[in-house]
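Below: final_20.txt (compact mmCIF, C-alpha atoms)
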# COMPACT_ATOMS: atom_id res chain seq x y z
CA MET Q 1 1.02 -21.15 -12.41
CA ASP Q 2 -2.06 -22.74 -10.89
CA LYS Q 3 -3.21 -22.49 -7.28
CA GLN Q 4 -1.39 -25.64 -6.15
CA GLU Q 5 1.93 -24.51 -7.64
CA ILE Q 6 1.60 -21.08 -6.05
CA THR Q 7 0.74 -22.60 -2.67
CA GLU Q 8 3.85 -24.78 -2.77
CA LEU Q 9 6.03 -21.80 -3.68
CA LEU Q 10 4.61 -19.78 -0.79
CA LYS Q 11 5.50 -22.63 1.57
CA SER Q 12 9.02 -23.01 0.19
CA SER Q 13 12.09 -22.75 2.41
CA ASP Q 14 15.84 -23.27 2.27
CA ARG Q 15 17.20 -23.99 -1.22
CA GLU Q 16 13.78 -23.93 -2.90
CA ARG Q 17 13.10 -20.53 -1.40
CA ALA Q 18 16.48 -19.17 -2.46
CA ASP Q 19 15.74 -20.29 -6.02
CA LEU Q 20 12.32 -18.57 -5.88
CA LEU Q 21 13.77 -15.26 -4.64
CA ASN Q 22 16.59 -15.33 -7.20
CA ARG Q 23 14.15 -16.06 -10.02
CA ALA Q 24 11.93 -13.16 -8.96
CA GLN Q 25 14.88 -10.76 -8.97
CA GLU Q 26 15.87 -11.90 -12.47
CA ILE Q 27 12.34 -11.36 -13.75
CA LYS Q 28 12.11 -7.95 -12.07
CA ASP Q 29 15.37 -6.79 -13.67
CA ALA Q 30 14.26 -8.02 -17.09
CA ALA Q 31 10.70 -6.64 -16.93
CA VAL Q 32 10.94 -3.35 -15.02
CA GLY Q 33 14.67 -2.78 -14.60
CA ASN Q 34 16.78 -1.86 -11.61
CA LYS Q 35 15.16 1.47 -10.78
CA VAL Q 36 13.27 2.15 -7.57
CA TYR Q 37 10.66 4.90 -7.58
CA PHE Q 38 9.94 7.21 -4.65
CA ARG Q 39 6.38 7.96 -3.57
CA GLY Q 40 6.46 10.64 -0.87
CA LEU Q 41 3.81 9.52 1.63
CA VAL Q 42 1.59 12.14 3.29
CA GLU Q 43 -0.82 10.62 5.85
CA PHE Q 44 -2.93 13.73 6.04
CA SER Q 45 -5.73 12.57 8.36
CA ASN Q 46 -6.46 9.64 10.69
CA ILE Q 47 -10.19 10.38 10.92
CA CYS Q 48 -12.02 7.31 9.62
CA SER Q 49 -15.65 6.27 9.21
CA LYS Q 50 -14.78 2.56 9.15
CA ASP Q 51 -14.35 0.04 11.95
CA CYS Q 52 -12.03 -2.58 10.42
CA LEU Q 53 -11.19 -5.13 13.09
CA TYR Q 54 -7.39 -5.04 12.52
CA CYS Q 55 -6.81 -1.29 12.25
CA GLY Q 56 -5.39 0.98 14.92
CA ILE Q 57 -7.23 4.06 13.63
CA ARG Q 58 -10.63 2.34 13.40
CA LYS Q 59 -13.55 4.60 14.28
CA SER Q 60 -14.24 2.87 17.62
CA ASN Q 61 -10.71 3.22 18.99
CA GLY Q 62 -11.24 6.00 21.51
CA LYS Q 63 -7.55 6.10 22.46
CA VAL Q 64 -6.49 7.59 19.14
CA VAL Q 65 -5.80 11.32 19.03
CA ARG Q 66 -7.52 12.35 15.81
CA TYR Q 67 -5.89 14.87 13.50
CA ASN Q 68 -6.36 16.64 10.21
CA ALA Q 69 -3.20 18.16 8.78
CA SER Q 70 -3.79 21.64 7.39
CA ASP Q 71 -3.74 22.23 3.64
CA GLU Q 72 -0.58 24.30 4.15
CA GLU Q 73 1.18 21.40 5.90
CA ILE Q 74 0.15 18.96 3.19
CA LEU Q 75 1.27 21.22 0.38
CA ALA Q 76 4.56 21.93 2.16
CA ALA Q 77 5.25 18.18 2.32
CA CYS Q 78 4.45 17.88 -1.38
CA ARG Q 79 6.72 20.82 -2.16
CA PHE Q 80 9.54 18.99 -0.32
CA ALA Q 81 8.92 15.96 -2.53
CA TRP Q 82 9.00 18.08 -5.67
CA GLU Q 83 12.11 20.02 -4.69
CA ASN Q 84 13.88 16.77 -3.77
CA ARG Q 85 13.03 15.15 -7.11
CA PHE Q 86 10.82 12.39 -5.72
CA GLY Q 87 8.68 12.35 -8.85
CA SER Q 88 5.47 11.37 -7.03
CA VAL Q 89 3.53 11.66 -3.80
CA VAL Q 90 0.85 9.55 -2.11
CA LEU Q 91 -2.00 11.20 -0.22
CA GLN Q 92 -3.40 8.72 2.31
CA SER Q 93 -6.11 9.10 4.92
CA GLY Q 94 -8.82 7.34 6.83
CA GLU Q 95 -11.93 6.56 4.81
CA LEU Q 96 -14.39 9.46 4.53
CA SER Q 97 -16.79 10.31 1.73
CA SER Q 98 -18.56 13.50 2.81
CA PRO Q 99 -18.94 16.30 0.24
CA ALA Q 100 -16.50 18.41 2.28
CA PHE Q 101 -13.86 15.65 2.22
CA VAL Q 102 -14.30 15.06 -1.51
CA LYS Q 103 -13.93 18.77 -2.24
CA ARG Q 104 -10.90 19.07 0.04
CA VAL Q 105 -9.04 16.27 -1.73
CA ASP Q 106 -10.03 17.82 -5.07
CA ASP Q 107 -8.61 21.19 -4.02
CA LEU Q 108 -5.42 19.57 -2.72
CA LEU Q 109 -4.87 17.78 -6.03
CA LYS Q 110 -5.17 21.05 -7.92
CA GLY Q 111 -2.83 22.74 -5.41
CA ILE Q 112 -0.18 20.03 -5.79
CA LYS Q 113 -0.31 20.24 -9.57
CA LYS Q 114 0.03 24.02 -9.40
CA LEU Q 115 2.95 24.16 -6.96
CA SER Q 116 4.87 21.48 -8.87
CA LYS Q 117 4.11 22.92 -12.33
CA ASN Q 118 2.32 19.66 -13.13
CA GLU Q 119 5.53 17.72 -12.49
CA LEU Q 120 4.54 15.63 -9.44
CA GLY Q 121 2.70 12.39 -10.03
CA ILE Q 122 -0.08 11.73 -7.50
CA THR Q 123 -1.36 8.50 -5.98
CA LEU Q 124 -4.43 8.55 -3.75
CA SER Q 125 -5.33 6.08 -1.02
CA CYS Q 126 -8.56 7.43 0.44
CA GLY Q 127 -10.83 4.41 0.42
CA GLU Q 128 -14.11 3.57 -1.26
CA GLN Q 129 -15.81 6.37 -3.16
CA THR Q 130 -18.42 6.73 -5.87
CA LEU Q 131 -17.46 6.51 -9.53
CA GLU Q 132 -18.24 10.22 -9.84
CA THR Q 133 -15.80 11.08 -7.03
CA TYR Q 134 -13.06 8.92 -8.54
CA GLN Q 135 -13.61 10.62 -11.91
CA ARG Q 136 -13.54 14.08 -10.32
CA TRP Q 137 -10.25 13.37 -8.55
CA PHE Q 138 -8.75 11.86 -11.70
CA GLU Q 139 -9.63 14.96 -13.70
CA SER Q 140 -8.00 17.11 -11.00
CA GLY Q 141 -4.66 15.32 -11.25
CA ALA Q 142 -4.61 11.96 -9.45
CA HIS Q 143 -3.63 9.11 -11.77
CA ARG Q 144 -2.90 6.16 -9.46
CA TYR Q 145 -5.09 4.80 -6.68
CA LEU Q 146 -4.37 2.18 -4.01
CA LEU Q 147 -7.41 0.42 -2.54
CA ARG Q 148 -6.34 -2.68 -0.65
CA ILE Q 149 -8.80 -5.56 -0.57
CA GLU Q 150 -6.94 -6.95 2.53
CA ALA Q 151 -8.42 -10.43 1.91
CA SER Q 152 -9.91 -11.67 -1.37
CA ASN Q 153 -11.61 -14.61 0.37
CA ARG Q 154 -15.07 -13.33 1.27
CA ASP Q 155 -15.32 -15.44 4.44
CA LEU Q 156 -11.91 -14.27 5.66
CA TYR Q 157 -12.83 -10.68 4.73
CA TYR Q 158 -15.69 -10.82 7.22
CA LYS Q 159 -13.45 -12.25 9.91
CA ILE Q 160 -11.39 -9.05 9.76
CA HIS Q 161 -14.19 -6.57 8.96
CA PRO Q 162 -17.62 -6.06 10.52
CA ASN Q 163 -20.40 -7.54 8.39
CA THR Q 164 -22.27 -4.25 7.93
CA GLU Q 165 -23.40 -2.00 5.09
CA LYS Q 166 -20.31 0.14 5.72
CA HIS Q 167 -17.93 -2.77 5.16
CA LEU Q 168 -19.39 -4.75 2.27
CA PHE Q 169 -17.00 -7.05 0.40
CA GLU Q 170 -18.94 -6.53 -2.82
CA LYS Q 171 -18.67 -2.75 -2.48
CA ARG Q 172 -14.89 -3.05 -2.16
CA ILE Q 173 -14.73 -5.07 -5.38
CA GLU Q 174 -17.07 -2.62 -7.10
CA ALA Q 175 -14.81 0.30 -6.10
CA LEU Q 176 -11.83 -1.40 -7.75
CA HIS Q 177 -13.84 -1.65 -10.98
CA PHE Q 178 -14.86 2.01 -10.64
CA LEU Q 179 -11.18 2.97 -10.43
CA ARG Q 180 -10.40 1.12 -13.65
CA GLU Q 181 -13.39 2.76 -15.35
CA ALA Q 182 -12.25 6.21 -14.21
CA GLY Q 183 -8.84 5.69 -15.83
CA TYR Q 184 -6.52 5.13 -12.86
CA GLN Q 185 -3.56 2.85 -12.56
CA VAL Q 186 -5.23 0.53 -10.08
CA GLY Q 187 -3.50 -0.88 -7.03
CA THR Q 188 -4.65 -3.24 -4.32
CA GLY Q 189 -3.08 -5.58 -1.76
CA VAL Q 190 -3.56 -7.83 1.24
CA MET Q 191 -2.21 -8.44 4.72
CA ILE Q 192 0.00 -11.51 4.99
CA GLY Q 193 -0.14 -13.76 8.03
CA LEU Q 194 -3.59 -12.87 9.34
CA PRO Q 195 -5.33 -15.01 11.93
CA PHE Q 196 -7.50 -17.64 10.16
CA GLN Q 197 -5.60 -17.14 6.89
CA THR Q 198 -4.23 -20.18 5.01
CA TYR Q 199 -1.57 -20.58 2.32
CA GLU Q 200 -4.43 -21.37 -0.04
CA ASP Q 201 -6.04 -18.03 0.80
CA LEU Q 202 -2.82 -16.25 -0.10
CA ALA Q 203 -2.52 -18.19 -3.35
CA ASP Q 204 -6.07 -17.09 -4.17
CA ASP Q 205 -5.10 -13.49 -3.35
CA LEU Q 206 -2.34 -13.64 -5.96
CA LEU Q 207 -4.70 -15.15 -8.52
CA PHE Q 208 -7.22 -12.42 -7.65
CA PHE Q 209 -4.58 -9.77 -8.49
CA LYS Q 210 -3.97 -11.51 -11.80
CA LYS Q 211 -7.69 -11.78 -12.60
CA MET Q 212 -8.27 -8.11 -11.69
CA ASP Q 213 -5.31 -7.24 -13.95
CA ILE Q 214 -3.96 -4.77 -11.39
CA ASP Q 215 -1.23 -2.27 -12.23
CA MET Q 216 0.39 -2.03 -8.81
CA CYS Q 217 0.36 -3.77 -5.46
CA GLY Q 218 1.01 -2.80 -1.86
CA MET Q 219 1.04 -5.71 0.58
CA GLY Q 220 2.93 -6.53 3.74
CA PRO Q 221 2.95 -8.65 6.86
CA TYR Q 222 0.04 -8.35 9.26
CA ILE Q 223 1.21 -6.80 12.52
CA GLU Q 224 -1.24 -6.79 15.40
CA HIS Q 225 -2.45 -3.73 17.32
CA GLU Q 226 -3.59 -4.22 20.90
CA GLU Q 227 -6.48 -1.73 20.62
CA THR Q 228 -8.29 -3.81 17.99
CA PRO Q 229 -10.74 -6.73 18.18
CA LEU Q 230 -8.44 -8.95 16.11
CA TYR Q 231 -5.77 -8.73 18.82
CA GLN Q 232 -7.58 -11.41 20.85
CA TYR Q 233 -6.58 -13.95 18.18
CA ARG Q 234 -2.85 -13.22 18.34
CA HIS Q 235 -2.23 -16.75 19.66
CA LEU Q 236 -3.15 -18.00 16.16
CA LEU Q 237 -0.43 -15.98 14.47
CA LYS Q 238 2.78 -17.20 12.93
CA SER Q 239 5.88 -15.62 14.44
CA LYS Q 240 6.78 -12.19 13.07
CA GLN Q 241 9.80 -13.68 11.31
CA GLU Q 242 7.58 -16.27 9.64
CA ARG Q 243 5.17 -13.55 8.53
CA PHE Q 244 8.10 -11.55 7.18
CA ASP Q 245 9.50 -14.49 5.22
CA LEU Q 246 6.05 -15.28 3.85
CA ALA Q 247 5.63 -11.66 2.76
CA LEU Q 248 8.86 -11.85 0.75
CA ASN Q 249 7.64 -15.10 -0.82
CA MET Q 250 4.38 -13.35 -1.77
CA ILE Q 251 6.27 -10.47 -3.40
CA ALA Q 252 8.49 -12.89 -5.29
CA VAL Q 253 5.62 -15.03 -6.59
CA LEU Q 254 3.63 -11.95 -7.61
CA ARG Q 255 6.62 -10.63 -9.54
CA ILE Q 256 6.79 -13.93 -11.42
CA LEU Q 257 3.01 -13.96 -12.01
CA MET Q 258 2.81 -10.31 -13.11
CA PRO Q 259 6.30 -9.30 -14.27
CA ASP Q 260 5.63 -5.69 -15.29
CA ILE Q 261 3.48 -4.30 -12.45
CA ASN Q 262 4.71 -1.94 -9.72
CA ILE Q 263 5.18 -3.54 -6.30
CA ALA Q 264 5.76 -1.45 -3.18
CA ALA Q 265 8.19 -2.39 -0.42
CA ALA Q 266 5.79 -1.96 2.50
CA THR Q 267 6.86 -0.07 5.61
CA ALA Q 268 5.48 -2.94 7.73
CA LEU Q 269 8.40 -5.08 6.54
CA GLN Q 270 10.78 -2.70 8.30
CA ALA Q 271 8.71 -2.98 11.49
CA ILE Q 272 9.87 -6.61 11.70
CA ASP Q 273 13.31 -6.49 10.07
CA PRO Q 274 15.41 -3.27 10.05
CA ALA Q 275 16.49 -4.15 6.50
CA GLY Q 276 13.01 -5.32 5.50
CA ARG Q 277 12.38 -2.90 2.68
CA GLU Q 278 15.79 -3.48 1.09
CA LYS Q 279 15.15 -7.21 1.16
CA ALA Q 280 11.83 -6.65 -0.61
CA LEU Q 281 13.60 -4.62 -3.31
CA LYS Q 282 15.93 -7.54 -3.91
CA VAL Q 283 13.10 -10.01 -4.55
CA GLY Q 284 10.70 -8.02 -6.70
CA ALA Q 285 9.59 -4.68 -5.22
CA ASN Q 286 10.39 -1.50 -7.16
CA VAL Q 287 8.54 1.27 -5.26
CA ILE Q 288 9.35 2.72 -1.85
CA MET Q 289 7.50 5.38 0.14
CA PRO Q 290 9.49 7.87 2.22
CA ASN Q 291 7.23 9.21 4.95
CA LEU Q 292 6.68 12.96 4.57
CA THR Q 293 3.88 13.20 7.15
CA PRO Q 294 4.68 15.99 9.65
CA CYS Q 295 6.37 14.32 12.66
CA ASP Q 296 3.79 15.68 15.09
CA TYR Q 297 1.12 13.50 13.47
CA ARG Q 298 2.98 10.29 12.67
CA LYS Q 299 2.52 8.60 16.03
CA GLU Q 300 -1.25 9.02 15.63
CA TYR Q 301 -1.34 7.23 12.25
CA LEU Q 302 -0.64 3.81 13.73
CA LEU Q 303 -2.48 1.17 11.75
CA TYR Q 304 -0.29 -1.42 13.51
CA GLU Q 305 2.25 -1.50 16.35
CA ASP Q 306 6.00 -0.86 16.07
CA LYS Q 307 5.68 1.32 12.99
CA PRO Q 308 9.17 2.58 12.05
CA CYS Q 309 10.37 6.10 11.19
CA LEU Q 310 8.03 7.92 13.59
CA ASP Q 311 10.63 10.50 14.62
CA GLU Q 312 12.53 10.96 11.35
CA ASP Q 313 11.85 14.23 9.58
CA ALA Q 314 11.40 14.18 5.81
CA GLU Q 315 15.04 14.91 5.03
CA LEU Q 316 16.35 12.23 7.37
CA CYS Q 317 13.87 9.73 5.95
CA ARG Q 318 14.97 10.55 2.41
CA ASN Q 319 18.67 10.21 3.25
CA CYS Q 320 18.04 6.92 5.03
CA LEU Q 321 16.11 5.44 2.11
CA GLU Q 322 18.63 6.64 -0.44
CA ALA Q 323 21.33 4.76 1.46
CA ARG Q 324 19.12 1.67 1.81
CA ILE Q 325 18.36 1.57 -1.90
CA GLU Q 326 22.04 1.91 -2.76
CA LEU Q 327 22.83 -0.97 -0.39
CA ALA Q 328 20.17 -3.03 -2.13
CA GLY Q 329 22.04 -2.53 -5.40
CA SER Q 330 19.33 -0.43 -7.05
CA GLU Q 331 19.19 3.10 -8.41
CA ILE Q 332 16.55 5.74 -7.71
CA GLY Q 333 14.37 7.06 -10.53
CA TYR Q 334 14.61 10.73 -9.60
CA ASN Q 335 12.11 13.11 -11.19
CA GLU Q 336 10.25 10.15 -12.72
CA TRP Q 337 6.65 9.20 -12.14
CA GLY Q 338 7.62 5.57 -12.45
CA ASP Q 339 4.25 4.61 -13.90
CA SER Q 340 3.33 0.96 -14.08
CA LYS Q 341 4.71 -0.65 -17.22
CA HIS Q 342 1.78 -3.04 -17.03
CA PHE Q 343 -0.61 -0.10 -17.34
CA GLN Q 344 1.37 1.34 -20.24
CA ASN Q 345 1.50 -2.02 -22.03
CA ARG Q 346 -2.23 -2.54 -21.64
CA LYS Q 347 -2.96 0.92 -23.01
CA SER Q 348 -0.61 0.60 -26.00

Take the structure in this file and express it as structure tokens.
Amino acid sequence: MDKQEITELLKSSDRERADLLNRAQEIKDAAVGNKVYFRGLVEFSNICSKDCLYCGIRKSNGKVVRYNASDEEILAACRFAWENRFGSVVLQSGELSSPAFVKRVDDLLKGIKKLSKNELGITLSCGEQTLETYQRWFESGAHRYLLRIEASNRDLYYKIHPNTEKHLFEKRIEALHFLREAGYQVGTGVMIGLPFQTYEDLADDLLFFKKMDIDMCGMGPYIEHEETPLYQYRHLLKSKQERFDLALNMIAVLRILMPDINIAAATALQAIDPAGREKALKVGANVIMPNLTPCDYRKEYLLYEDKPCLDEDAELCRNCLEARIELAGSEIGYNEWGDSKHFQNRKS
């Protein structure tokens, strides 16, 4: 598909849209099957060195209560994932790159591998790092990494990020290449429905994923946060329902463009539609992330408003998602890493 075709598909509605979503589901079933893979999400710290203009935990937001979960709490959450046959966990945090942070993540990776007898797969989402840091973490047990570009259009990127040395577009791209060089299954993604964003921008985002030959994708609707600079442009936004529908179209088109990658059903979808993640599973997503972050911390990891599942403990979250996946007509890949088939195919 070229850019014009993709743009038209993203705009589609009614019968055309139904055909698009059905086609995506057919391709998903043929390419990656009916299984959905759990990634137990542990948001272990909301301390961040960045000041992204859309993010609720940006460095300059003085209203955030900062936290750092203890190693014991993090490992306990990972033990829950292992004992409940999740197969994999995701360690996510604000972006830091100090020697102490790098060592801490390294030690946590080794601890997770030890407690799970090397059985848990590990995805990291800890921002931009040096190639040496990525290699160190890979050698200690991480094998997937999510680093969202958020906008592949450089001009749009600087409408949602400060134009400073700390937020360079080129450095973000470089980090994605570092991840590939270090051996990771590489994931990225964008926000859908941003102020200033066009359908053409989103089409270019999808073509960017294809060009980067990514292995996995995490993308969802942009949801505003009132304690951010971007909030002043909320009058430019599509309605939340329109952003939700567009997000499903993006997932569907990406599944058609890249049939064998892993695509996550983002939690932000559920912030708009209570059945949002199930709907994403029906049109192309095959990964879902139960939140295992200790409940005391969840309300402080608010990247956007109306985040769901803030008061559900890990067991309740698991039970809820198991039921949702069953309702979506899928099965759960228990005790499976659920690695990207795209990654495996490229390596073979």

Quiz item: Skipping near chain neighbours, those fewer than 4 positions away, what residues fall within 12 Å of Leu146 (chain Q) using only C-alpha atoms, listed as number ranges by chain?
Solution: Q: 90-93, 122-128, 134, 142, 150, 172, 175-176, 179-180, 184-190, 214-219, 262-264

Quiz prompt | Interatomic distance, CA of Thr7 (chain Q) to CA of Leu254 (chain Q) (Å, one decimal) | solution =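 According to the coordinates, CA of Thr7 (chain Q) and CA of Leu254 (chain Q) are separated by 12.1 Å.
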
Practice problem: Please identify all polymer residues within 9 Å of Arg277 (chain Q), counting all atoms listed in the file, omitting same-chain residues fewer than 2 positions from it, and present them as a list of chain:residue names. | Solution: Q:Ala264, Q:Ala265, Q:Ala266, Q:Thr267, Q:Ala268, Q:Leu269, Q:Gln270, Q:Asp273, Q:Pro274, Q:Ala275, Q:Lys279, Q:Ala280, Q:Leu281, Q:Lys282, Q:Ala285, Q:Ile288, Q:Arg324, Q:Ile325

Please produce an output containing C-alpha atoms for each residue in the selection, written as a PDB file, in the coordinates of the input.
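After the write, out-v9.pdb holds the following:
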ATOM      1  CA  ALA Q 264       5.760  -1.450  -3.180  1.00  0.00           C
ATOM      2  CA  ALA Q 265       8.190  -2.390  -0.420  1.00  0.00           C
ATOM      3  CA  ALA Q 266       5.790  -1.960   2.500  1.00  0.00           C
ATOM      4  CA  THR Q 267       6.860  -0.070   5.610  1.00  0.00           C
ATOM      5  CA  ALA Q 268       5.480  -2.940   7.730  1.00  0.00           C
ATOM      6  CA  LEU Q 269       8.400  -5.080   6.540  1.00  0.00           C
ATOM      7  CA  GLN Q 270      10.780  -2.700   8.300  1.00  0.00           C
ATOM      8  CA  ASP Q 273      13.310  -6.490  10.070  1.00  0.00           C
ATOM      9  CA  PRO Q 274      15.410  -3.270  10.050  1.00  0.00           C
ATOM     10  CA  ALA Q 275      16.490  -4.150   6.500  1.00  0.00           C
ATOM     11  CA  LYS Q 279      15.150  -7.210   1.160  1.00  0.00           C
ATOM     12  CA  ALA Q 280      11.830  -6.650  -0.610  1.00  0.00           C
ATOM     13  CA  LEU Q 281      13.600  -4.620  -3.310  1.00  0.00           C
ATOM     14  CA  LYS Q 282      15.930  -7.540  -3.910  1.00  0.00           C
ATOM     15  CA  ALA Q 285       9.590  -4.680  -5.220  1.00  0.00           C
ATOM     16  CA  ILE Q 288       9.350   2.720  -1.850  1.00  0.00           C
ATOM     17  CA  ARG Q 324      19.120   1.670   1.810  1.00  0.00           C
ATOM     18  CA  ILE Q 325      18.360   1.570  -1.900  1.00  0.00           C
TER      19      ILE Q 325
END

Self-check item: Within 7 Å of Leu292 (chain Q) using only C-alpha atoms, minus same-chain residues under 5 positions, as an MDAnalysis selection string
Solution: chainID Q and resid 40:42 77 314

Written selection (C-alpha atoms) as a compact mmCIF listing (two decimals), keeping the file's coordinate frame:
# COMPACT_ATOMS: atom_id res chain seq x y z
CA GLY Q 40 6.46 10.64 -0.87
CA LEU Q 41 3.81 9.52 1.63
CA VAL Q 42 1.59 12.14 3.29
CA ALA Q 77 5.25 18.18 2.32
CA ALA Q 314 11.40 14.18 5.81

Residues of region 112-182 of chain Q that have any atom at most 10 Å from an atom of region 227-245 of chain Q: could you tabulate them with the shortest-distance atom pair and the distance in Å to one decimal, using only C-alpha atoms, ordered by chain and increasing number, as a Markdown table?
| residue | atom | partner | partner_atom | distance |
| --- | --- | --- | --- | --- |
| Q:Lys159 | CA | Q:Leu230 | CA | 8.6 |
| Q:Ile160 | CA | Q:Leu230 | CA | 7.0 |
| Q:His161 | CA | Q:Leu230 | CA | 9.5 |

Quiz item: In terms of the shortest atom-to-atom distance over only C-alpha atoms, which of Q:Glu300, Q:Asp204, Q:Glu165, Q:Asp155 is closest to Ser45 (chain Q)?
Solution: Q:Glu300

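Note that CA of Met289 (chain Q) and CA of Glu83 (chain Q) are 16.1 Å apart.
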
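You can rank Q:Glu278, Q:Asp107, Q:Glu43, Q:Asp14 by their closest distance to Tyr301 (chain Q) using all atoms listed in the file, and at the top of that list sits Q:Glu43.
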
Quiz item: Which one of Q:Ala182, Q:Cys295, Q:Leu120, Q:Leu115 sits closest to Tyr334 (chain Q) if you count only C-alpha atoms?
Solution: Q:Leu120

Self-check item: Atomic separation - CA of Leu202 (chain Q) relative to CA of Tyr157 (chain Q), Å
Solution: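 CA of Tyr157 (chain Q) sits 12.4 Å away from CA of Leu202 (chain Q).
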
Quiz item: Looking at only C-alpha atoms, which of Q:Lys341, Q:Arg255, Q:Arg346, Q:Lys210 is the one that sits closest to Leu20 (chain Q)?
Solution: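 The closest residue to Leu20 (chain Q) is Q:Arg255.
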
Practice problem: For Ser140 (chain Q), list every protein, DNA or RNA residue within 7 Å, evaluated using only C-alpha atoms, and leave out those in the same chain fewer than 3 positions away; present the list as a PyMOL selection string. | Solution: chain Q and resi 106+109-110+136-137

Quiz item: Using all atoms listed in the file, can you list as a PyMOL selection string the residues within 9 Å of (-12.1, -11.8, -2.5)?
Solution: chain Q and resi 149-157+169-170+173+204-205+208

Mind writing the picked residues with C-alpha atoms as a JSON list (two decimals), in the coordinates of the input?
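Output contents, as saved in part_25.json:
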[["chain", "number", "residue", "atom", "x", "y", "z"],
["Q", 149, "ILE", "CA", -8.80, -5.56, -0.57],
["Q", 150, "GLU", "CA", -6.94, -6.95, 2.53],
["Q", 151, "ALA", "CA", -8.42, -10.43, 1.91],
["Q", 152, "SER", "CA", -9.91, -11.67, -1.37],
["Q", 153, "ASN", "CA", -11.61, -14.61, 0.37],
["Q", 154, "ARG", "CA", -15.07, -13.33, 1.27],
["Q", 155, "ASP", "CA", -15.32, -15.44, 4.44],
["Q", 156, "LEU", "CA", -11.91, -14.27, 5.66],
["Q", 157, "TYR", "CA", -12.83, -10.68, 4.73],
["Q", 169, "PHE", "CA", -17.00, -7.05, 0.40],
["Q", 170, "GLU", "CA", -18.94, -6.53, -2.82],
["Q", 173, "ILE", "CA", -14.73, -5.07, -5.38],
["Q", 204, "ASP", "CA", -6.07, -17.09, -4.17],
["Q", 205, "ASP", "CA", -5.10, -13.49, -3.35],
["Q", 208, "PHE", "CA", -7.22, -12.42, -7.65]]

Practice problem: Name the closest residue to Arg66 (chain Q) among the candidates Q:Asn319, Q:Gln197, Q:Asn46, Q:Ser330; distances are taken between atoms, counting only C-alpha atoms. | Solution: Q:Asn46
